[in-house]
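Colleague: Structure supplied as my_file-v8.tsv; contents: TSV, C-alpha atoms (C1' of nucleotides).
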```tsv
chain	number	residue	atom	x	y	z
A	21	MET	CA	5.27	-23.43	-9.08
A	22	GLN	CA	7.53	-22.90	-12.08
A	23	THR	CA	6.77	-19.24	-11.76
A	24	CYS	CA	8.03	-19.39	-8.20
A	25	ARG	CA	11.27	-21.05	-9.16
A	26	GLU	CA	11.81	-18.59	-11.99
A	27	ARG	CA	11.82	-15.83	-9.39
A	28	GLY	CA	14.25	-17.60	-7.14
A	29	MET	CA	11.61	-18.76	-4.69
A	30	LYS	CA	11.58	-22.32	-3.48
A	31	ALA	CA	8.30	-24.16	-3.93
A	32	THR	CA	7.99	-25.67	-0.48
A	33	HIS	CA	4.83	-27.58	0.22
A	34	GLN	CA	3.89	-25.13	2.99
A	35	ARG	CA	3.89	-22.36	0.40
A	36	ILE	CA	1.88	-24.37	-2.05
A	37	GLU	CA	-0.74	-25.22	0.54
A	38	ILE	CA	-1.02	-21.62	1.68
A	39	PHE	CA	-1.50	-20.33	-1.83
A	40	ARG	CA	-3.98	-23.07	-2.66
A	41	GLU	CA	-5.98	-22.29	0.42
A	42	LEU	CA	-6.15	-18.63	-0.47
A	43	ALA	CA	-7.04	-19.27	-4.09
A	44	ALA	CA	-9.76	-21.74	-3.12
A	45	SER	CA	-11.36	-19.46	-0.55
A	46	GLY	CA	-13.55	-16.63	-1.70
A	47	ALA	CA	-13.72	-15.18	1.79
A	48	HIS	CA	-10.56	-13.03	1.83
A	49	PRO	CA	-9.22	-14.72	4.93
A	50	ASP	CA	-6.74	-13.25	7.37
A	51	ALA	CA	-3.51	-14.94	8.40
A	52	GLU	CA	-5.05	-16.75	11.35
A	53	THR	CA	-7.86	-18.20	9.22
A	54	VAL	CA	-5.39	-19.40	6.62
A	55	TYR	CA	-3.32	-20.92	9.39
A	56	GLN	CA	-6.29	-22.81	10.82
A	57	ALA	CA	-7.25	-24.19	7.42
A	58	VAL	CA	-3.78	-25.16	6.30
A	59	SER	CA	-2.77	-26.72	9.59
A	60	GLN	CA	-5.46	-29.35	9.09
A	61	ARG	CA	-3.52	-30.60	6.09
A	62	VAL	CA	-0.03	-29.71	7.37
A	63	PRO	CA	-0.29	-30.05	11.14
A	64	SER	CA	3.32	-29.08	11.77
A	65	ILE	CA	3.07	-25.70	10.06
A	66	SER	CA	3.62	-22.67	12.24
A	67	ARG	CA	1.77	-19.38	12.34
A	68	ASP	CA	4.96	-17.53	11.52
A	69	THR	CA	5.35	-19.39	8.26
A	70	VAL	CA	1.87	-18.34	7.26
A	71	TYR	CA	2.65	-14.70	8.01
A	72	ARG	CA	5.95	-14.83	6.18
A	73	THR	CA	4.56	-16.68	3.21
A	74	LEU	CA	1.67	-14.30	2.80
A	75	ALA	CA	4.11	-11.40	2.85
A	76	THR	CA	6.28	-13.13	0.25
A	77	LEU	CA	3.34	-13.93	-2.00
A	78	GLU	CA	2.24	-10.33	-1.75
A	79	ALA	CA	5.70	-9.01	-2.55
A	80	GLU	CA	5.81	-11.23	-5.63
A	81	GLY	CA	2.38	-10.09	-6.72
A	82	PHE	CA	0.59	-13.44	-6.43
A	83	VAL	CA	-1.74	-12.10	-3.80
A	84	ARG	CA	-3.02	-8.75	-2.64
A	85	LYS	CA	-4.22	-7.24	0.60
A	86	ILE	CA	-7.84	-6.19	0.37
A	87	ASN	CA	-7.38	-3.58	3.10
A	88	PRO	CA	-4.39	-1.36	2.41
A	89	LEU	CA	-5.15	0.69	5.54
A	90	PHE	CA	-5.36	-2.12	8.04
A	91	GLU	CA	-2.53	-1.06	10.37
A	92	ARG	CA	-4.37	1.39	12.57
A	93	ALA	CA	-7.87	2.73	13.02
A	94	ARG	CA	-8.16	6.09	11.24
A	95	TYR	CA	-10.97	8.53	11.77
A	96	ASP	CA	-12.82	11.10	9.72
A	97	ALA	CA	-15.04	13.90	11.00
A	98	ASN	CA	-16.26	14.70	7.49
A	99	LEU	CA	-19.56	12.88	7.15
A	100	ASP	CA	-20.44	14.25	3.71
A	101	HIS	CA	-20.40	11.84	0.82
A	102	HIS	CA	-16.86	11.76	-0.51
A	103	HIS	CA	-14.26	9.43	-1.98
A	104	HIS	CA	-10.69	8.54	-1.12
A	105	PHE	CA	-7.34	8.66	-2.84
A	106	ILE	CA	-4.92	6.38	-0.95
A	107	CYS	CA	-1.18	6.56	-1.42
A	108	THR	CA	0.15	3.01	-1.31
A	109	VAL	CA	3.60	4.26	-0.34
A	110	CYS	CA	3.03	6.61	2.58
A	111	GLY	CA	-0.55	5.67	3.42
A	112	SER	CA	-1.88	9.20	3.23
A	113	VAL	CA	-5.54	9.54	2.36
A	114	THR	CA	-6.98	12.51	0.49
A	115	ASP	CA	-10.69	13.15	0.14
A	116	PHE	CA	-12.27	14.16	-3.09
A	117	CYS	CA	-15.80	14.85	-4.25
A	118	SER	CA	-17.50	13.98	-7.48
A	119	GLU	CA	-21.20	14.15	-8.17
A	120	ARG	CA	-20.78	11.60	-10.92
A	121	LEU	CA	-19.36	9.13	-8.41
A	122	ASP	CA	-21.96	9.79	-5.74
A	123	ASN	CA	-24.65	7.78	-7.47
A	124	LEU	CA	-22.93	4.70	-8.71
A	125	PRO	CA	-24.86	2.11	-10.67
A	126	ILE	CA	-24.72	-0.71	-8.14
A	127	PRO	CA	-25.65	-3.96	-9.88
A	128	ALA	CA	-28.84	-5.67	-8.82
A	129	SER	CA	-26.80	-8.73	-7.85
A	130	VAL	CA	-25.26	-6.72	-5.03
A	131	GLU	CA	-28.59	-5.70	-3.61
A	132	ALA	CA	-29.27	-9.36	-3.17
A	133	LEU	CA	-26.22	-9.67	-0.91
A	134	GLY	CA	-27.71	-7.49	1.79
A	135	GLU	CA	-28.89	-4.04	2.75
A	136	ILE	CA	-26.69	-1.35	1.22
A	137	ASP	CA	-25.78	1.60	3.42
A	138	SER	CA	-23.27	3.44	1.31
A	139	ALA	CA	-20.90	3.11	-1.60
A	140	HIS	CA	-17.77	5.01	-2.33
A	141	VAL	CA	-14.81	4.89	-4.67
A	142	GLN	CA	-11.36	4.05	-3.41
A	143	VAL	CA	-8.56	5.14	-5.69
A	144	GLN	CA	-5.09	3.73	-5.05
A	145	GLY	CA	-1.91	5.18	-6.39
A	146	ILE	CA	1.21	7.08	-5.47
A	147	CYS	CA	0.79	10.60	-4.20
A	148	ALA	CA	2.73	13.44	-5.77
A	149	ALA	CA	5.13	13.75	-2.85
A	150	CYS	CA	6.05	10.06	-2.86
A	151	ALA	CA	6.31	9.95	-6.64
A	152	HIS	CA	8.74	12.84	-6.43
A	153	ASN	CA	10.88	11.11	-3.81
A	154	ARG	CA	11.02	7.89	-5.79
A	155	LYS	CA	12.65	9.47	-8.82
A	156	PRO	CA	15.09	11.74	-7.03
A	157	THR	CA	16.20	14.44	-9.43
A	158	GLN	CA	15.02	12.56	-12.51
A	159	PRO	CA	18.35	12.18	-14.35
A	160	PRO	CA	18.39	14.30	-17.50
A	161	ALA	CA	18.77	12.19	-20.64
A	162	GLY	CA	22.38	11.39	-21.40
A	163	VAL	CA	23.62	11.74	-17.87
A	164	LEU	CA	24.70	8.62	-16.00
B	10	MET	CA	-21.73	20.38	22.79
B	11	GLN	CA	-25.46	20.70	23.32
B	12	THR	CA	-25.82	17.71	21.08
B	13	CYS	CA	-23.53	15.78	23.40
B	14	ARG	CA	-25.52	16.66	26.47
B	15	GLU	CA	-28.77	15.77	24.77
B	16	ARG	CA	-27.43	12.27	24.34
B	17	GLY	CA	-26.31	11.98	27.93
B	18	MET	CA	-22.65	12.54	27.12
B	19	LYS	CA	-20.61	14.89	29.23
B	20	ALA	CA	-18.84	17.65	27.32
B	21	THR	CA	-15.44	17.41	28.95
B	22	HIS	CA	-12.78	19.59	27.52
B	23	GLN	CA	-10.69	16.56	26.54
B	24	ARG	CA	-13.58	15.44	24.36
B	25	ILE	CA	-14.01	18.85	22.86
B	26	GLU	CA	-10.34	19.12	22.01
B	27	ILE	CA	-10.28	15.67	20.45
B	28	PHE	CA	-13.27	16.37	18.28
B	29	ARG	CA	-11.92	19.78	17.29
B	30	GLU	CA	-8.60	18.27	16.31
B	31	LEU	CA	-10.28	15.69	14.15
B	32	ALA	CA	-12.59	18.18	12.50
B	33	ALA	CA	-9.74	20.57	11.79
B	34	SER	CA	-7.46	17.93	10.28
B	35	GLY	CA	-8.09	16.76	6.76
B	36	ALA	CA	-5.56	13.97	7.13
B	37	HIS	CA	-7.73	11.22	8.67
B	38	PRO	CA	-5.41	10.80	11.63
B	39	ASP	CA	-5.09	7.70	13.76
B	40	ALA	CA	-5.40	7.68	17.54
B	41	GLU	CA	-1.71	8.27	18.14
B	42	THR	CA	-1.63	11.30	15.84
B	43	VAL	CA	-4.66	12.79	17.53
B	44	TYR	CA	-3.02	12.18	20.88
B	45	GLN	CA	0.18	13.94	19.84
B	46	ALA	CA	-1.72	16.96	18.56
B	47	VAL	CA	-4.13	17.27	21.47
B	48	SER	CA	-1.51	16.74	24.14
B	49	GLN	CA	0.16	19.97	23.04
B	50	ARG	CA	-2.92	21.83	24.21
B	51	VAL	CA	-3.90	19.48	27.05
B	52	PRO	CA	-0.58	18.08	28.27
B	53	SER	CA	-2.16	15.92	30.95
B	54	ILE	CA	-4.37	13.97	28.56
B	55	SER	CA	-3.71	10.25	28.31
B	56	ARG	CA	-3.61	8.02	25.26
B	57	ASP	CA	-6.41	5.91	26.71
B	58	THR	CA	-8.74	8.87	26.80
B	59	VAL	CA	-8.10	9.48	23.13
B	60	TYR	CA	-8.89	5.87	22.30
B	61	ARG	CA	-12.01	5.86	24.42
B	62	THR	CA	-13.23	9.20	23.16
B	63	LEU	CA	-12.76	8.25	19.54
B	64	ALA	CA	-14.77	5.09	20.17
B	65	THR	CA	-17.49	7.12	21.86
B	66	LEU	CA	-17.63	9.70	19.09
B	67	GLU	CA	-17.88	6.90	16.57
B	68	ALA	CA	-20.64	5.15	18.48
B	69	GLU	CA	-22.60	8.41	18.58
B	70	GLY	CA	-22.07	8.98	14.87
B	71	PHE	CA	-19.99	12.15	15.11
B	72	VAL	CA	-17.04	10.50	13.48
B	73	ARG	CA	-16.41	7.54	11.25
B	74	LYS	CA	-13.57	5.11	10.65
B	75	ILE	CA	-12.23	5.40	7.13
B	76	ASN	CA	-10.99	1.81	7.19
B	77	PRO	CA	-13.72	-0.55	8.34
B	78	LEU	CA	-11.36	-3.53	7.82
B	79	PHE	CA	-8.43	-2.30	9.84
B	80	GLU	CA	-8.25	-5.09	12.43
B	81	ARG	CA	-6.21	-7.63	10.52
B	82	ALA	CA	-4.50	-7.99	7.18
B	83	ARG	CA	-6.76	-9.86	4.77
B	84	TYR	CA	-5.64	-11.36	1.50
B	85	ASP	CA	-7.10	-12.00	-1.91
B	86	ALA	CA	-5.75	-14.32	-4.59
B	87	ASN	CA	-8.21	-12.96	-7.16
B	88	LEU	CA	-6.28	-10.33	-9.09
B	89	ASP	CA	-9.02	-9.57	-11.61
B	90	HIS	CA	-10.71	-6.21	-11.43
B	91	HIS	CA	-13.54	-6.51	-8.97
B	92	HIS	CA	-15.39	-4.63	-6.26
B	93	HIS	CA	-16.25	-5.33	-2.64
B	94	PHE	CA	-19.38	-5.55	-0.54
B	95	ILE	CA	-18.39	-5.26	3.13
B	96	CYS	CA	-20.73	-6.24	5.93
B	97	THR	CA	-20.29	-3.73	8.74
B	98	VAL	CA	-21.62	-6.20	11.28
B	99	CYS	CA	-19.64	-9.39	10.69
B	100	GLY	CA	-16.86	-7.98	8.51
B	101	SER	CA	-17.35	-10.44	5.70
B	102	VAL	CA	-16.32	-9.27	2.25
B	103	THR	CA	-17.96	-10.44	-0.94
B	104	ASP	CA	-16.55	-9.75	-4.39
B	105	PHE	CA	-18.67	-8.61	-7.25
B	106	CYS	CA	-18.00	-7.61	-10.83
B	107	SER	CA	-19.52	-4.87	-12.90
B	108	GLU	CA	-18.26	-3.62	-16.22
B	109	ARG	CA	-19.96	-0.31	-15.61
B	110	LEU	CA	-17.93	0.16	-12.43
B	111	ASP	CA	-14.65	-0.92	-13.95
B	112	ASN	CA	-14.11	2.33	-15.81
B	113	LEU	CA	-15.11	5.01	-13.37
B	114	PRO	CA	-14.96	8.66	-14.39
B	115	ILE	CA	-12.16	9.77	-12.06
B	116	PRO	CA	-12.18	13.56	-11.86
B	117	ALA	CA	-9.20	15.41	-13.26
B	118	SER	CA	-8.58	16.91	-9.83
B	119	VAL	CA	-7.65	13.44	-8.57
B	120	GLU	CA	-5.10	12.87	-11.30
B	121	ALA	CA	-3.35	15.94	-9.95
B	122	LEU	CA	-2.98	14.23	-6.56
B	123	GLY	CA	-0.63	11.59	-7.89
B	124	GLU	CA	-0.27	8.58	-10.16
B	125	ILE	CA	-3.39	6.45	-10.18
B	126	ASP	CA	-2.91	2.67	-10.09
B	127	SER	CA	-6.43	1.41	-9.64
B	128	ALA	CA	-9.90	2.37	-8.55
B	129	HIS	CA	-12.63	0.23	-7.15
B	130	VAL	CA	-15.96	0.58	-5.46
B	131	GLN	CA	-16.46	-0.30	-1.84
B	132	VAL	CA	-20.05	-0.93	-0.84
B	133	GLN	CA	-20.88	-1.05	2.85
B	134	GLY	CA	-23.99	-2.52	4.32
B	135	ILE	CA	-25.38	-5.44	6.25
B	136	CYS	CA	-25.15	-8.86	4.68
B	137	ALA	CA	-28.25	-11.01	4.37
B	138	ALA	CA	-27.18	-13.35	7.17
B	139	CYS	CA	-26.60	-10.53	9.66
B	140	ALA	CA	-29.76	-8.70	8.64
B	141	HIS	CA	-31.66	-11.90	9.29
B	142	ASN	CA	-30.15	-12.33	12.76
B	143	ARG	CA	-30.88	-8.75	13.72
B	144	LYS	CA	-34.62	-9.01	13.23
B	145	PRO	CA	-35.24	-12.43	14.70
B	146	THR	CA	-38.65	-13.64	13.57
B	147	GLN	CA	-39.81	-10.25	12.32
B	148	PRO	CA	-43.03	-9.81	14.37
B	149	PRO	CA	-46.10	-10.02	12.12
B	150	ALA	CA	-48.08	-6.77	12.06
B	151	GLY	CA	-50.61	-6.55	14.85
B	152	VAL	CA	-48.74	-8.74	17.26
B	153	LEU	CA	-47.30	-7.26	20.43
C	18	DG	C1'	-24.44	13.78	45.07
C	19	DT	C1'	-24.17	10.63	41.34
C	20	DA	C1'	-22.99	8.63	37.32
C	21	DA	C1'	-19.97	9.33	33.54
C	22	DG	C1'	-15.25	10.24	32.31
C	23	DT	C1'	-10.24	10.20	33.18
C	24	DG	C1'	-5.41	8.52	34.14
C	25	DC	C1'	-2.51	4.80	35.19
C	26	DA	C1'	-0.76	0.34	34.47
C	27	DA	C1'	-1.24	-4.15	33.08
C	28	DA	C1'	-3.22	-7.26	29.79
C	29	DC	C1'	-4.32	-8.55	24.96
C	30	DC	C1'	-3.79	-9.81	20.29
C	31	DG	C1'	-2.05	-9.57	15.65
C	32	DT	C1'	2.31	-9.29	13.71
C	33	DT	C1'	7.47	-9.14	13.30
C	34	DT	C1'	12.13	-10.62	14.21
C	35	DG	C1'	16.57	-13.26	15.60
C	36	DC	C1'	18.40	-17.55	15.53
C	37	DA	C1'	19.44	-22.39	14.83
C	38	DA	C1'	17.79	-26.46	12.38
C	39	DG	C1'	15.74	-28.31	8.04
C	40	DG	C1'	14.93	-28.88	3.10
C	41	DA	C1'	14.78	-27.60	-2.08
C	42	DA	C1'	17.75	-26.89	-5.89
D	21	DT	C1'	26.49	-28.29	-0.57
D	22	DT	C1'	24.42	-23.88	-0.43
D	23	DC	C1'	21.11	-20.70	0.43
D	24	DC	C1'	16.32	-20.14	1.19
D	25	DT	C1'	12.77	-21.45	4.39
D	26	DT	C1'	10.89	-23.09	8.59
D	27	DG	C1'	9.78	-23.44	13.60
D	28	DC	C1'	10.38	-21.69	18.03
D	29	DA	C1'	10.21	-18.10	21.24
D	30	DA	C1'	10.66	-13.60	22.51
D	31	DA	C1'	9.75	-8.83	21.31
D	32	DC	C1'	6.81	-5.22	19.45
D	33	DG	C1'	3.04	-1.90	18.65
D	34	DG	C1'	-1.70	-0.65	18.60
D	35	DT	C1'	-5.66	-1.22	21.38
D	36	DT	C1'	-8.51	-2.65	25.40
D	37	DT	C1'	-9.60	-3.23	30.20
D	38	DG	C1'	-9.92	-2.97	35.53
D	39	DC	C1'	-9.65	0.09	39.09
D	40	DA	C1'	-9.62	4.21	41.92
D	41	DC	C1'	-9.88	9.22	41.45
D	42	DT	C1'	-12.00	13.28	39.36
D	43	DT	C1'	-15.50	16.11	37.33
D	44	DA	C1'	-19.66	17.71	34.68
D	45	DC	C1'	-24.31	17.89	35.44
```
Rewrite the structure of this file - the entire thing - as structure tokens.
Modeller:
Amino acid sequence: MQTCRERGMKATHQRIEIFRELAASGAHPDAETVYQAVSQRVPSISRDTVYRTLATLEAEGFVRKINPLFERARYDANLDHHHHFICTVCGSVTDFCSERLDNLPIPASVEALGEIDSAHVQVQGICAACAHNRKPTQPPAGVL
Amino acid sequence: MQTCRERGMKATHQRIEIFRELAASGAHPDAETVYQAVSQRVPSISRDTVYRTLATLEAEGFVRKINPLFERARYDANLDHHHHFICTVCGSVTDFCSERLDNLPIPASVEALGEIDSAHVQVQGICAACAHNRKPTQPPAGVL
DNA sequence: GTAAGTGCAAACCGTTTGCAAGGAA
DNA sequence: TTCCTTGCAAACGGTTTGCACTTAC
């Protein structure tokens, strides 16, 4: 709340309800699910507000998408065990292999959740090309 | 090719081109990208065929989606370091924590790909509820 | 010859956007 | 009072679907 105001965001009650709903749920809901839940308490809220608020909360770092690659279905013909480096700027995905990562110590608590098919590591970061474009011609010290 | 026929699939040249394109590309393309590439060699191909073929190849296990959660944006208010168990049947996501998985040995080759922000483990499987529904009343041995 | 696969076009669904009215600071 | 936010409705983009034609087997 205060944090919101400090960043120039208004603390409307729609926003507060949306964030509370998300924080209370452990289920990683999508926008529609949040909308359904919140509209029970705020019947006049619109879907669009939920979408916009989630985007705002994400931009401010209060909330995170669990699926950075949700926009389109992307396919892979490489069925060997491998891991992914995902660029959060351009969305490119690069495979990498690592024997040490192929046999991860999955905690026993996870095996209780269900039958495990596979496990892989997802590394997120900024690929070399995007990192290069973000600091265009890194200004030499002293220049301005 | 033979493998296709064995499974009752016809080996049309559209299918062959689509699979070849995917196998040749290391970029995990989406349907549109595959369509653009293949239509240079098969100008008459339609987008729909690409979509349908990718779905068929996936169903037969020749190809895999890299983003099982691509359908909708899903949000998380838990910003602590944690990992995910994803049910491939119902799409539910359960968080879990593991100190041993929090500091993964990322290979040096990955650090060369770009700046690493975070790394987490993604476990795929079938959650207990779905596993239960799939084998309704597991037939006791001897019965049938 | 027959069933599976293809192309076309329309439908679908999640998400985004422009605009005027409403509300927090 | 001012600017951010909301609600409405229309647009958008990726994907799916129904139907008639084509093609591999």
Colleague: Would you mind telling me which residue in C:DA42, C:DG31, C:DA20, C:DA26 lies nearest to chain B when using only C-alpha atoms (C1' of nucleotides)?
Modeller: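 Between C:DA42, C:DG31, C:DA20, C:DA26, the residue approaching chain B most closely is C:DG31.
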Colleague: To one decimal place in Å, what is the distance between CA of Lys74 (chain B) and CA of Leu121 (chain A)?
Modeller: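 Calculated distance between CA of Lys74 (chain B) and CA of Leu121 (chain A) is 20.3 Å.
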Colleague: So, counting all atoms listed in the file, which residue among B:Val102, B:Ala121, B:Ala20, B:Ala138 is closest to chain C?
Modeller: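 Among the listed residues, B:Ala20 lies closest to chain C.
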Colleague: Please return, as number ranges by chain, all polymer residues that have at least one atom within 10 Å of the point (-6.2, 15.8, 17.8); use all atoms listed in the file and the file's own coordinate frame.
Modeller: B: 23-34, 38-50, 59
Colleague: Here is a test: counting only C-alpha atoms (C1' of nucleotides), which residue of D:DA29, D:DA44, D:DC39, D:DC23 is nearest to chain B?
Modeller: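 Residue with the minimum atom-to-atom distance to chain B: D:DA44.
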Colleague: Tell me, in Å to one decimal, how far CA of Ile146 (chain A) is from CA of Val72 (chain B).
Modeller: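 We find that CA of Ile146 (chain A) and CA of Val72 (chain B) lie 26.5 Å from each other.
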Colleague: Can you tell me which residues surround region 41-43 of chain D at a distance of at most 10 Å, considering all atoms listed in the file, apart from same-chain residues fewer than 4 positions away, and format the answer as a short mmCIF file (atom, residue, chain, number, x, y, z; two decimals) with C-alpha atoms (C1' of nucleotides), in the coordinates of the input?
Modeller:
```cif
data_model
loop_
_atom_site.label_atom_id
_atom_site.label_comp_id
_atom_site.auth_asym_id
_atom_site.auth_seq_id
_atom_site.Cartn_x
_atom_site.Cartn_y
_atom_site.Cartn_z
CA LYS B 19 -20.61 14.89 29.23
CA THR B 21 -15.44 17.41 28.95
"C1'" DA C 21 -19.97 9.33 33.54
"C1'" DG C 22 -15.25 10.24 32.31
"C1'" DT C 23 -10.24 10.20 33.18
"C1'" DG C 24 -5.41 8.52 34.14
#
```
Colleague: Which chain B residues are at most 7 Å from chain C (counting only C-alpha atoms (C1' of nucleotides)), as a list in words?
Modeller: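 Close to chain C, chain B has Ser55, Thr58 and Arg81 of chain B.
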